[in-house]
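Structure data (mmCIF, C-alpha atoms) from data-v8.cif:
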```cif
data_query
#
loop_
_atom_site.label_atom_id
_atom_site.label_comp_id
_atom_site.auth_asym_id
_atom_site.auth_seq_id
_atom_site.Cartn_x
_atom_site.Cartn_y
_atom_site.Cartn_z
CA MET A 1 27.71 22.07 38.38
CA PRO A 2 27.23 24.02 35.19
CA SER A 3 25.41 27.25 35.70
CA LEU A 4 22.30 28.19 33.76
CA PRO A 5 23.02 29.26 30.17
CA PRO A 6 23.49 32.99 29.79
CA ILE A 7 20.58 35.00 28.42
CA ARG A 8 21.60 36.47 25.10
CA PRO A 9 20.07 39.64 23.67
CA GLU A 10 18.39 37.66 20.87
CA ASP A 11 16.74 35.43 23.47
CA GLU A 12 15.08 38.46 24.99
CA VAL A 13 13.86 39.65 21.60
CA ARG A 14 12.41 36.27 20.82
CA ALA A 15 10.74 36.02 24.20
CA ARG A 16 8.97 39.33 23.62
CA GLU A 17 7.85 38.27 20.14
CA ARG A 18 6.56 34.93 21.28
CA ARG A 19 4.97 35.89 24.56
CA GLY A 20 2.99 33.08 26.12
CA THR A 21 4.46 30.34 23.95
CA GLY A 22 7.23 29.32 26.27
CA ALA A 23 9.73 30.28 23.64
CA PHE A 24 11.96 31.86 26.24
CA ASP A 25 12.58 28.53 27.89
CA ALA A 26 13.18 26.41 24.84
CA PRO A 27 14.62 27.25 21.48
CA ALA A 28 11.84 27.26 18.88
CA ALA A 29 11.53 23.83 17.34
CA ASP A 30 11.57 23.55 13.59
CA GLU A 31 8.08 24.20 12.34
CA PRO A 32 6.53 21.00 11.06
CA ASP A 33 5.95 20.83 7.33
CA LEU A 34 2.18 20.93 7.49
CA SER A 35 1.68 20.80 3.73
CA LEU A 36 3.61 17.57 3.57
CA PHE A 37 1.59 16.30 6.52
CA GLU A 38 -1.66 17.08 4.70
CA TYR A 39 -0.41 15.56 1.47
CA ALA A 40 0.60 12.32 3.20
CA LEU A 41 -2.79 12.27 4.94
CA ARG A 42 -4.58 12.45 1.59
CA LEU A 43 -2.59 9.54 0.22
CA GLY A 44 -3.00 7.52 3.40
CA ASP A 45 -6.70 8.20 3.84
CA ASP A 46 -7.54 7.21 0.26
CA SER A 47 -5.88 3.85 0.82
CA LEU A 48 -7.25 3.34 4.32
CA ILE A 49 -10.89 4.02 3.51
CA LEU A 50 -10.92 1.94 0.33
CA GLY A 51 -9.10 -0.85 2.19
CA GLN A 52 -11.80 -0.82 4.88
CA ARG A 53 -14.55 -0.80 2.24
CA LEU A 54 -13.07 -3.84 0.48
CA ALA A 55 -12.61 -5.63 3.79
CA GLU A 56 -16.39 -5.37 4.28
CA TRP A 57 -16.69 -7.99 1.53
CA THR A 58 -14.73 -10.60 3.47
CA GLY A 59 -16.92 -13.68 3.75
CA HIS A 60 -19.62 -12.20 1.48
CA ALA A 61 -18.07 -12.20 -1.99
CA PRO A 62 -19.69 -14.07 -4.91
CA SER A 63 -17.08 -16.85 -4.81
CA VAL A 64 -14.20 -17.88 -2.59
CA GLU A 65 -11.62 -16.77 -5.18
CA VAL A 66 -13.18 -13.32 -5.38
CA ASP A 67 -13.33 -13.21 -1.61
CA LEU A 68 -9.57 -13.80 -1.49
CA SER A 69 -8.92 -11.18 -4.15
CA LEU A 70 -10.90 -8.52 -2.35
CA ALA A 71 -9.31 -9.30 1.02
CA ASN A 72 -5.84 -9.22 -0.50
CA MET A 73 -6.45 -5.92 -2.22
CA ALA A 74 -7.75 -4.57 1.09
CA LEU A 75 -4.53 -5.74 2.73
CA ASP A 76 -2.39 -3.99 0.11
CA LEU A 77 -4.33 -0.77 0.63
CA VAL A 78 -4.17 -0.91 4.41
CA GLY A 79 -0.43 -1.55 4.06
CA GLN A 80 -0.05 1.63 1.98
CA ALA A 81 -2.13 3.51 4.53
CA THR A 82 0.09 2.32 7.38
CA HIS A 83 3.18 3.71 5.68
CA PHE A 84 1.63 7.01 4.63
CA LEU A 85 -0.13 7.68 7.93
CA ASN A 86 2.87 6.74 10.08
CA TYR A 87 4.86 9.12 7.94
CA ALA A 88 2.22 11.86 8.23
CA GLY A 89 2.35 11.48 12.00
CA ALA A 90 6.14 11.73 12.05
CA VAL A 91 6.07 14.85 9.86
CA GLU A 92 3.45 16.46 12.06
CA GLY A 93 5.64 15.82 15.09
CA ARG A 94 2.89 15.73 17.69
CA GLY A 95 3.44 12.14 18.67
CA ARG A 96 0.59 10.68 16.61
CA ASP A 97 1.30 7.46 14.75
CA GLY A 98 -0.67 5.76 11.97
CA ASP A 99 -3.02 4.03 14.40
CA GLN A 100 -3.78 7.29 16.19
CA LEU A 101 -4.57 8.95 12.89
CA ALA A 102 -6.69 6.07 11.64
CA PHE A 103 -8.71 5.42 14.78
CA HIS A 104 -8.86 8.70 16.64
CA ARG A 105 -9.92 11.21 14.03
CA ASP A 106 -13.50 12.00 13.17
CA VAL A 107 -15.18 12.48 9.79
CA LEU A 108 -14.21 16.13 9.36
CA ASP A 109 -10.52 15.36 9.74
CA PHE A 110 -10.39 12.72 7.02
CA ARG A 111 -8.85 13.81 3.74
CA ASN A 112 -9.78 10.95 1.39
CA CYS A 113 -11.55 11.52 -1.91
CA LEU A 114 -15.29 10.86 -2.01
CA LEU A 115 -14.98 7.97 -4.46
CA VAL A 116 -13.33 5.58 -1.97
CA GLU A 117 -15.99 6.04 0.71
CA GLN A 118 -18.87 5.19 -1.63
CA PRO A 119 -20.83 2.14 -0.48
CA ASN A 120 -19.96 -1.25 -1.94
CA GLY A 121 -23.40 -1.78 -3.49
CA ASP A 122 -23.32 -5.03 -5.41
CA PHE A 123 -20.14 -6.63 -6.74
CA ALA A 124 -20.42 -4.72 -10.02
CA GLN A 125 -20.61 -1.38 -8.23
CA THR A 126 -17.56 -2.32 -6.15
CA MET A 127 -15.62 -3.25 -9.30
CA ALA A 128 -16.60 -0.03 -11.07
CA ARG A 129 -15.31 1.95 -8.08
CA GLN A 130 -12.14 -0.14 -7.95
CA PHE A 131 -11.43 0.26 -11.63
CA LEU A 132 -11.93 4.03 -11.55
CA PHE A 133 -9.75 4.38 -8.47
CA SER A 134 -6.96 1.89 -9.23
CA THR A 135 -6.46 3.23 -12.75
CA TRP A 136 -5.96 6.66 -11.20
CA GLN A 137 -3.83 5.43 -8.31
CA LYS A 138 -1.55 3.47 -10.65
CA MET A 139 -0.85 6.60 -12.71
CA LEU A 140 -0.39 8.70 -9.60
CA PHE A 141 2.03 6.26 -7.94
CA ASP A 142 4.00 5.85 -11.18
CA HIS A 143 4.46 9.59 -11.01
CA LEU A 144 5.22 9.67 -7.28
CA THR A 145 8.09 7.19 -7.64
CA ARG A 146 9.95 10.31 -8.81
CA SER A 147 8.80 12.45 -5.87
CA LYS A 148 11.45 14.63 -4.28
CA ASP A 149 10.26 13.38 -0.92
CA GLU A 150 12.16 10.15 -0.36
CA MET A 151 9.51 8.49 1.77
CA VAL A 152 6.65 9.28 -0.62
CA ALA A 153 8.78 7.96 -3.49
CA ALA A 154 9.71 4.78 -1.62
CA VAL A 155 6.13 3.90 -0.64
CA ALA A 156 4.89 4.66 -4.16
CA ALA A 157 7.59 2.46 -5.72
CA LYS A 158 6.75 -0.33 -3.31
CA ALA A 159 3.00 -0.09 -3.84
CA VAL A 160 2.82 0.55 -7.57
CA LYS A 161 3.44 -3.10 -8.39
CA GLU A 162 0.51 -4.11 -6.20
CA VAL A 163 -1.74 -1.44 -7.64
CA SER A 164 -1.12 -2.71 -11.19
CA TYR A 165 -2.74 -5.94 -10.04
CA HIS A 166 -5.75 -4.07 -8.70
CA GLU A 167 -6.13 -2.22 -11.97
CA GLU A 168 -5.87 -5.35 -14.09
CA LEU A 169 -8.20 -7.38 -11.95
CA SER A 170 -10.92 -4.74 -11.80
CA ALA A 171 -10.65 -3.99 -15.54
CA GLU A 172 -11.13 -7.70 -16.27
CA TRP A 173 -14.29 -7.76 -14.16
CA VAL A 174 -15.65 -4.58 -15.75
CA ILE A 175 -15.28 -6.22 -19.18
CA ARG A 176 -16.55 -9.61 -18.07
CA LEU A 177 -19.68 -8.27 -16.42
CA GLY A 178 -20.29 -5.44 -18.90
CA ASP A 179 -19.95 -7.74 -21.90
CA GLY A 180 -21.88 -10.48 -20.13
CA THR A 181 -25.56 -11.18 -19.62
CA GLU A 182 -28.26 -8.56 -19.81
CA GLU A 183 -28.42 -8.41 -16.04
CA SER A 184 -24.67 -8.28 -15.40
CA ARG A 185 -24.35 -5.55 -18.01
CA GLN A 186 -27.11 -3.50 -16.39
CA ARG A 187 -25.50 -3.88 -12.97
CA MET A 188 -22.10 -2.83 -14.26
CA GLN A 189 -23.67 0.16 -15.98
CA ASP A 190 -25.41 1.10 -12.73
CA GLY A 191 -22.04 0.80 -10.98
CA PHE A 192 -20.50 3.36 -13.34
CA ASP A 193 -23.56 5.58 -13.11
CA TRP A 194 -23.13 5.68 -9.34
CA ASN A 195 -19.37 6.25 -9.17
CA TRP A 196 -18.59 8.35 -12.24
CA ARG A 197 -19.59 11.67 -10.66
CA PHE A 198 -16.77 11.32 -8.10
CA VAL A 199 -14.01 11.09 -10.71
CA PRO A 200 -13.47 14.86 -11.28
CA GLU A 201 -12.40 15.21 -7.64
CA LEU A 202 -9.47 12.87 -8.32
CA PHE A 203 -8.01 15.49 -10.66
CA ASP A 204 -8.88 18.59 -8.68
CA MET A 205 -5.80 20.73 -8.10
CA ASP A 206 -6.57 22.80 -5.03
CA GLU A 207 -4.03 25.01 -3.33
CA LEU A 208 -2.34 22.22 -1.42
CA ALA A 209 -2.12 19.93 -4.44
CA ARG A 210 -0.60 22.77 -6.46
CA GLU A 211 1.93 23.50 -3.75
CA ALA A 212 2.89 19.82 -3.45
CA ALA A 213 3.32 19.59 -7.22
CA MET A 214 5.35 22.77 -7.33
CA ARG A 215 7.72 21.48 -4.64
CA GLY A 216 8.13 18.24 -6.60
CA ILE A 217 6.57 16.18 -3.81
CA GLY A 218 3.19 15.60 -5.41
CA ALA A 219 1.94 15.11 -8.93
CA ASP A 220 0.40 17.60 -11.31
CA LEU A 221 -2.83 15.72 -11.85
CA THR A 222 -3.99 17.84 -14.76
CA ILE A 223 -1.36 16.28 -17.03
CA LEU A 224 -2.62 12.78 -16.15
CA ARG A 225 -6.27 13.45 -16.88
CA ASP A 226 -6.34 12.84 -20.63
CA VAL A 227 -4.45 9.57 -20.41
CA TYR A 228 -6.75 8.46 -17.61
CA HIS A 229 -9.87 9.19 -19.60
CA ALA A 230 -8.48 7.40 -22.64
CA LYS A 231 -7.68 4.32 -20.53
CA VAL A 232 -11.11 4.27 -18.88
CA ARG A 233 -12.87 4.82 -22.18
CA SER A 234 -11.12 1.90 -23.89
CA VAL A 235 -12.08 -0.55 -21.13
CA VAL A 236 -15.62 0.77 -20.91
CA GLU A 237 -16.03 0.42 -24.68
CA GLU A 238 -14.72 -3.13 -24.64
CA ALA A 239 -17.24 -3.82 -21.91
CA THR A 240 -19.99 -2.43 -24.22
CA LEU A 241 -20.90 0.11 -21.54
CA VAL A 242 -21.61 3.81 -21.83
CA LEU A 243 -19.90 6.42 -19.69
CA PRO A 244 -22.43 8.72 -18.04
CA SER A 245 -22.42 12.29 -19.27
CA ASP A 246 -20.24 14.65 -17.29
CA GLN A 247 -21.99 16.37 -14.44
CA ARG A 248 -21.16 19.19 -12.10
CA PRO A 249 -18.10 17.95 -10.19
CA ILE A 250 -18.71 16.93 -6.59
CA LEU A 251 -15.78 18.04 -4.45
CA GLY A 252 -15.06 18.37 -0.75
CA GLY A 253 -13.40 15.17 0.45
CA ARG A 254 -9.96 16.77 0.58
CA ARG A 255 -11.36 19.45 2.89
CA GLY A 256 -13.21 17.03 5.13
CA HIS A 257 -16.66 17.57 3.61
CA HIS A 258 -17.73 13.96 3.23
CA SER A 259 -20.82 12.06 2.22
CA GLU A 260 -22.93 10.46 4.94
CA HIS A 261 -21.33 7.10 4.13
CA LEU A 262 -17.96 7.85 5.72
CA GLY A 263 -19.37 8.26 9.22
CA HIS A 264 -20.96 4.83 9.11
CA LEU A 265 -17.72 3.30 7.86
CA LEU A 266 -15.74 4.93 10.68
CA CYS A 267 -18.24 3.68 13.28
CA VAL A 268 -17.33 0.13 12.38
CA MET A 269 -13.64 0.68 11.75
CA GLN A 270 -12.99 2.68 14.91
CA PHE A 271 -15.28 0.83 17.29
CA LEU A 272 -12.75 -1.41 18.95
CA PRO A 273 -9.91 1.01 19.67
CA ARG A 274 -12.38 3.64 20.85
CA THR A 275 -14.33 1.29 23.10
CA TYR A 276 -11.28 -0.49 24.49
CA PRO A 277 -8.60 2.21 24.30
CA ASP A 278 -5.84 0.07 25.77
CA ALA A 279 -6.50 -2.99 23.65
CA THR A 280 -3.43 -4.41 21.96
CA TRP A 281 -2.87 -7.46 19.80
CA MET B 1 9.92 1.90 -13.56
CA VAL B 2 13.23 0.10 -13.71
CA ALA B 3 13.11 -3.24 -11.93
CA ALA B 4 15.87 -3.29 -9.33
CA ALA B 5 17.15 -6.73 -10.22
CA VAL B 6 20.58 -6.33 -8.66
CA ASP B 7 20.63 -8.23 -5.40
CA HIS B 8 22.51 -5.89 -3.08
CA GLY B 9 21.84 -8.31 -0.25
CA ALA B 10 24.01 -10.94 -1.92
CA GLU B 11 26.62 -8.35 -2.84
CA ASN B 12 26.72 -7.06 0.67
CA ARG B 13 27.16 -10.55 2.03
CA ALA B 14 30.15 -11.22 -0.18
CA ALA B 15 31.79 -8.09 1.18
CA GLY B 16 31.20 -8.81 4.90
CA GLY B 17 33.71 -10.05 7.45
CA ARG B 18 33.65 -13.06 9.75
CA GLN B 19 31.35 -11.47 12.28
CA SER B 20 28.90 -10.55 9.53
CA GLU B 21 29.08 -14.09 8.20
CA ALA B 22 28.12 -15.37 11.65
CA ILE B 23 25.06 -13.10 11.67
CA TRP B 24 24.09 -14.24 8.15
CA ALA B 25 24.28 -17.83 9.41
CA VAL B 26 21.90 -17.00 12.27
CA LEU B 27 19.45 -15.38 9.84
CA GLU B 28 19.62 -18.37 7.54
CA ALA B 29 17.97 -20.39 10.29
CA VAL B 30 15.04 -17.97 10.62
CA PRO B 31 12.12 -19.36 8.60
CA ASP B 32 9.50 -17.29 6.84
CA PRO B 33 6.45 -17.60 9.13
CA GLU B 34 4.04 -18.37 6.29
CA ILE B 35 6.27 -20.56 4.14
CA PRO B 36 8.53 -22.14 6.77
CA VAL B 37 10.62 -24.14 4.31
CA VAL B 38 12.37 -21.00 3.12
CA SER B 39 14.46 -18.75 5.33
CA VAL B 40 14.35 -14.98 5.40
CA VAL B 41 17.71 -15.07 3.61
CA ASP B 42 16.38 -17.36 0.85
CA LEU B 43 13.53 -14.89 0.33
CA GLY B 44 15.95 -12.02 -0.17
CA ILE B 45 14.42 -9.79 2.49
CA VAL B 46 17.68 -9.41 4.41
CA ARG B 47 19.23 -6.46 2.63
CA GLU B 48 22.27 -5.77 4.71
CA VAL B 49 24.26 -7.11 7.62
CA ASP B 50 26.81 -4.73 9.05
CA ALA B 51 28.58 -6.24 12.02
CA GLN B 52 30.74 -3.17 12.50
CA SER B 53 27.94 -0.71 13.07
CA GLY B 54 25.82 -3.52 14.50
CA ARG B 55 22.78 -3.58 12.26
CA VAL B 56 20.65 -5.81 10.14
CA VAL B 57 18.45 -4.26 7.45
CA LEU B 58 15.21 -5.97 6.44
CA THR B 59 12.68 -5.07 3.75
CA PRO B 60 9.03 -6.14 3.58
CA THR B 61 7.80 -8.28 0.69
CA TYR B 62 4.39 -6.68 0.24
CA THR B 63 3.32 -3.32 1.62
CA GLY B 64 0.61 -4.83 3.74
CA CYS B 65 2.23 -8.15 4.52
CA PRO B 66 1.13 -9.05 8.05
CA ALA B 67 4.18 -11.28 8.43
CA THR B 68 6.50 -8.26 8.46
CA LEU B 69 6.18 -7.69 12.19
CA VAL B 70 6.35 -11.39 12.98
CA ILE B 71 9.53 -11.68 10.93
CA GLU B 72 11.11 -8.80 12.80
CA ASN B 73 10.26 -10.44 16.13
CA MET B 74 11.65 -13.78 15.00
CA VAL B 75 14.87 -12.19 13.77
CA ARG B 76 15.18 -10.34 17.06
CA GLY B 77 14.74 -13.59 18.98
CA ALA B 78 17.29 -15.44 16.87
CA LEU B 79 19.87 -12.65 17.18
CA ASP B 80 19.40 -12.43 20.95
CA GLU B 81 19.73 -16.15 21.36
CA ALA B 82 22.96 -16.18 19.36
CA GLY B 83 24.37 -13.42 21.55
CA PHE B 84 23.91 -10.55 19.11
CA VAL B 85 21.79 -8.52 21.52
CA ASP B 86 23.38 -5.25 20.46
CA VAL B 87 22.62 -5.71 16.78
CA ARG B 88 19.80 -3.36 15.74
CA ILE B 89 17.13 -4.25 13.22
CA GLU B 90 16.23 -1.59 10.71
CA THR B 91 13.72 -1.72 7.88
CA THR B 92 13.94 -0.10 4.51
CA LEU B 93 11.37 0.28 1.73
CA SER B 94 13.77 1.27 -0.97
CA PRO B 95 14.66 -0.29 -3.31
CA PRO B 96 11.42 -2.27 -3.23
CA TRP B 97 11.67 -6.01 -2.80
CA THR B 98 11.34 -8.13 -5.91
CA THR B 99 10.98 -11.86 -6.42
CA ASP B 100 14.23 -11.66 -8.42
CA TRP B 101 15.93 -11.65 -5.03
CA ILE B 102 14.68 -15.09 -4.06
CA SER B 103 17.78 -17.30 -4.21
CA ASP B 104 18.00 -20.38 -6.44
CA VAL B 105 18.07 -22.49 -3.30
CA GLY B 106 14.91 -20.70 -2.16
CA LYS B 107 13.19 -21.40 -5.49
CA ARG B 108 14.08 -25.08 -5.28
CA LYS B 109 12.76 -25.27 -1.71
CA LEU B 110 9.50 -23.62 -2.78
CA ARG B 111 9.01 -26.13 -5.59
CA ASP B 112 9.73 -29.09 -3.31
CA TYR B 113 7.19 -27.66 -0.86
CA GLY B 114 4.49 -27.57 -3.57
CA ILE B 115 4.61 -23.88 -4.45
CA ALA B 116 5.57 -22.99 -8.01
CA PRO B 117 8.41 -20.45 -7.80
CA PRO B 118 8.02 -17.06 -9.51
CA ARG B 119 8.61 -17.09 -13.22
CA GLY B 120 11.74 -15.53 -14.61
CA ARG B 121 11.50 -12.49 -16.87
CA GLY B 122 9.90 -13.40 -20.17
CA GLU B 123 8.95 -16.87 -18.95
CA ARG B 124 5.28 -17.51 -19.67
CA SER B 125 4.50 -21.07 -18.68
CA VAL B 126 4.10 -22.28 -15.12
CA GLU B 127 5.18 -25.81 -14.26
CA CYS B 128 3.07 -27.84 -11.88
CA PRO B 129 5.18 -28.39 -8.76
CA GLN B 130 3.58 -31.83 -8.30
CA CYS B 131 4.00 -33.47 -11.71
CA GLY B 132 6.07 -30.98 -13.69
CA SER B 133 3.49 -30.53 -16.45
CA ALA B 134 3.34 -27.16 -18.19
CA GLU B 135 -0.39 -27.62 -18.88
CA THR B 136 -1.57 -25.34 -16.10
CA GLN B 137 -4.04 -22.50 -15.71
CA GLU B 138 -4.78 -19.66 -13.35
CA ILE B 139 -7.81 -20.06 -11.10
CA SER B 140 -7.46 -16.84 -9.16
CA ARG B 141 -5.10 -13.91 -9.32
CA PHE B 142 -4.93 -13.90 -5.52
CA GLY B 143 -4.27 -16.87 -3.28
CA SER B 144 -3.95 -17.59 0.41
CA THR B 145 -1.42 -14.78 0.95
CA PRO B 146 -0.71 -11.56 -0.98
CA CYS B 147 2.39 -13.09 -2.60
CA LYS B 148 0.63 -16.11 -4.10
CA ALA B 149 -1.84 -16.81 -6.91
CA LEU B 150 -4.03 -19.89 -7.17
CA TRP B 151 -3.39 -22.24 -10.12
CA ARG B 152 -4.36 -25.72 -11.18
CA CYS B 153 -2.66 -28.43 -13.19
CA CYS B 154 -4.61 -29.74 -16.17
CA SER B 155 -2.54 -32.95 -16.26
CA CYS B 156 -2.69 -34.16 -12.66
CA ALA B 157 -5.69 -32.00 -11.70
CA GLU B 158 -4.02 -30.77 -8.50
CA PRO B 159 -4.49 -27.15 -7.46
CA PHE B 160 -1.33 -25.34 -6.38
CA ASP B 161 0.01 -21.95 -5.32
CA LEU B 162 2.20 -19.88 -7.61
CA PHE B 163 4.57 -17.41 -5.99
CA LYS B 164 3.71 -14.30 -7.98
CA CYS B 165 6.32 -12.42 -9.91
CA HIS B 166 6.70 -9.12 -8.13
#
```

Could you spell out this file's structure in structure tokens?
Amino acid sequence: MPSLPPIRPEDEVRARERRGTGAFDAPAADEPDLSLFEYALRLGDDSLILGQRLAEWTGHAPSVEVDLSLANMALDLVGQATHFLNYAGAVEGRGRDGDQLAFHRDVLDFRNCLLVEQPNGDFAQTMARQFLFSTWQKMLFDHLTRSKDEMVAAVAAKAVKEVSYHEELSAEWVIRLGDGTEESRQRMQDGFDWNWRFVPELFDMDELAREAAMRGIGADLTILRDVYHAKVRSVVEEATLVLPSDQRPILGGRRGHHSEHLGHLLCVMQFLPRTYPDATW
Amino acid sequence: MVAAAVDHGAENRAAGGRQSEAIWAVLEAVPDPEIPVVSVVDLGIVREVDAQSGRVVLTPTYTGCPATLVIENMVRGALDEAGFVDVRIETTLSPPWTTDWISDVGKRKLRDYGIAPPRGRGERSVECPQCGSAETQEISRFGSTPCKALWRCCSCAEPFDLFKCH
């Protein structure tokens, strides 16, 4: 029988420093990379919440073809979320997987931007939100294909092809409805009026975003902003719409300060796994 | 982004030994659950078979494709049944799957089944898989599954699925 390992002087030092943490018994595990965890959560939560929002349309869209489009886009987004959230869980190293993170966190722990949690409204409002988001996400993922984090780069490269579809499809609808009848134009304009105020948050570089960009994991969003605005402007002009004037930016989603809408969304999304915790497919 | 058109799956196959060839043969009999006329090998989602280290590497078609798990289970079942119980299944996201990896046999099978195969690079027209006419038009960008778009033929008036270029 091997005897217990000898106690080395450095073990004693560490035990004194880390009193009460059990460090004497086990060598200190590598600290999880919590910035990477948070960054992956942001990416995953954006996709998850917008995917859930789009899924709300299933069976209610204006036509069967649109119904299929919205459900398929939802599927793409939930697919992205699965990869990002599983990865976030693995990085965190506390045994949480994507499902745990999706279904067993509450509003304050979600890190998605405010734009994706905005209510669907009518079809025009949904398309305005989709266009503003997908145009941004396409640029972001293009950038993230060169991320120094292999997993982030792989998911981005996989998803960017799907996101181009989302961008094209929503831009087509913005133009078709904007440059359509008096009523469809008004509804599209209302859709932009509702969602436009949540765009500045997409480009907000807080401390974590700056750190991620500096480490080469994330993107420096400030360099994408001008191109984004030019892209949006050209579609909006073709649609004969007017962009609302810039307002005071509304921030907070990345810190868990959400609008009232997210709680209602989570109620529906999380109902089953919370009510029947052992339910499996 | 540079499209990864090189089919490393095919390259890898050419380099494998007899044991690997036997595993490829097993996988060739595993159908795609949503389009059962094509196998997982025809689709190009088998990226690597390494008999020596005992592993098979798969890649998903679309990020959110619900068939991914089903495919893994079916591959597991087929390998077990053929006696390859020790062969592990791994998945990889990189390089991302592209329709360029669908084999010519796979494309022919799709067409015979009534699904227009993905267009080659620079190819604009879509031929109706029923009557072969090039007078076709898109009805919807998205079809019954993420990988398909809905089209119709203006000559024979039949609607059909187009496997999207990806």

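Proximity ranking of B:Thr91, B:Gln137, B:Thr63, B:Gln52 relative to Lys161 (chain A) places B:Thr63 first, based on all atoms listed in the file.
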
Could you produce a table of the residues of chain B lying within 6 Å of chain A, with the nearest pair of atoms per residue and their separation in Å rounded to one decimal, using all atoms listed in the file, ordered by chain and increasing residue number, as CSV?
```
residue,atom,partner,partner_atom,distance
B:Thr63,CA,A:Gly79,CA,4.8
B:Gly64,CA,A:Gly79,CA,3.5
B:Leu93,CA,A:Ala154,CA,5.9
B:Ser94,CA,A:Ala154,CA,5.4
B:Pro96,CA,A:Lys158,CA,5.1
B:Ser140,CA,A:Glu65,CA,5.8
B:Phe142,CA,A:Ser69,CA,5.0
B:Pro146,CA,A:Asn72,CA,5.7
```

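Applied to this file, the PyMOL selection byres ((chain A and resi 102) around 10) selects the residues Leu41, Gly44, Asp45, Leu48, Ile49, Ala81, Thr82, Leu85, Asn86, Arg96, Asp97, Gly98, Asp99, Gln100, Leu101, Phe103, His104, Arg105, Asp106, Phe110, Leu266, Met269 and Gln270 of chain A.
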
### Query
Skipping near chain neighbours, those fewer than 5 positions away, what residues fall within 9 Å of region 197-202 of chain A using all atoms listed in the file, listed as a PyMOL selection string?
chain A and resi 113-115+132-133+136+192+221+244+246-254

#### Entry: Resolved residues for the PyMOL selection byres ((chain B and resi 67-76) around 8) as a PyMOL selection string
chain B and resi 27+30+32-34+60-61+65-66+77-80+89

### Message
To test your reading of the syntax: which residues would the PyMOL selection byres ((chain A and resi 139) around 10) return for the file shown? Reply as a list in words.
### Response
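Answer for the PyMOL selection byres ((chain A and resi 139) around 10): Ser134, Thr135, Trp136, Gln137, Lys138, Leu140, Phe141, Asp142, His143, Leu144, Val160, Val163, Ser164, Ala219, Leu221, Leu224, Arg225, Val227 and Tyr228 of chain A.
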
Please write the residues from the selection above to a file, keeping C-alpha atoms, as a short mmCIF file (atom, residue, chain, number, x, y, z; two decimals), keeping the file's coordinate frame.
```cif
data_model
loop_
_atom_site.label_atom_id
_atom_site.label_comp_id
_atom_site.auth_asym_id
_atom_site.auth_seq_id
_atom_site.Cartn_x
_atom_site.Cartn_y
_atom_site.Cartn_z
CA SER A 134 -6.96 1.89 -9.23
CA THR A 135 -6.46 3.23 -12.75
CA TRP A 136 -5.96 6.66 -11.20
CA GLN A 137 -3.83 5.43 -8.31
CA LYS A 138 -1.55 3.47 -10.65
CA LEU A 140 -0.39 8.70 -9.60
CA PHE A 141 2.03 6.26 -7.94
CA ASP A 142 4.00 5.85 -11.18
CA HIS A 143 4.46 9.59 -11.01
CA LEU A 144 5.22 9.67 -7.28
CA VAL A 160 2.82 0.55 -7.57
CA VAL A 163 -1.74 -1.44 -7.64
CA SER A 164 -1.12 -2.71 -11.19
CA ALA A 219 1.94 15.11 -8.93
CA LEU A 221 -2.83 15.72 -11.85
CA LEU A 224 -2.62 12.78 -16.15
CA ARG A 225 -6.27 13.45 -16.88
CA VAL A 227 -4.45 9.57 -20.41
CA TYR A 228 -6.75 8.46 -17.61
#
```
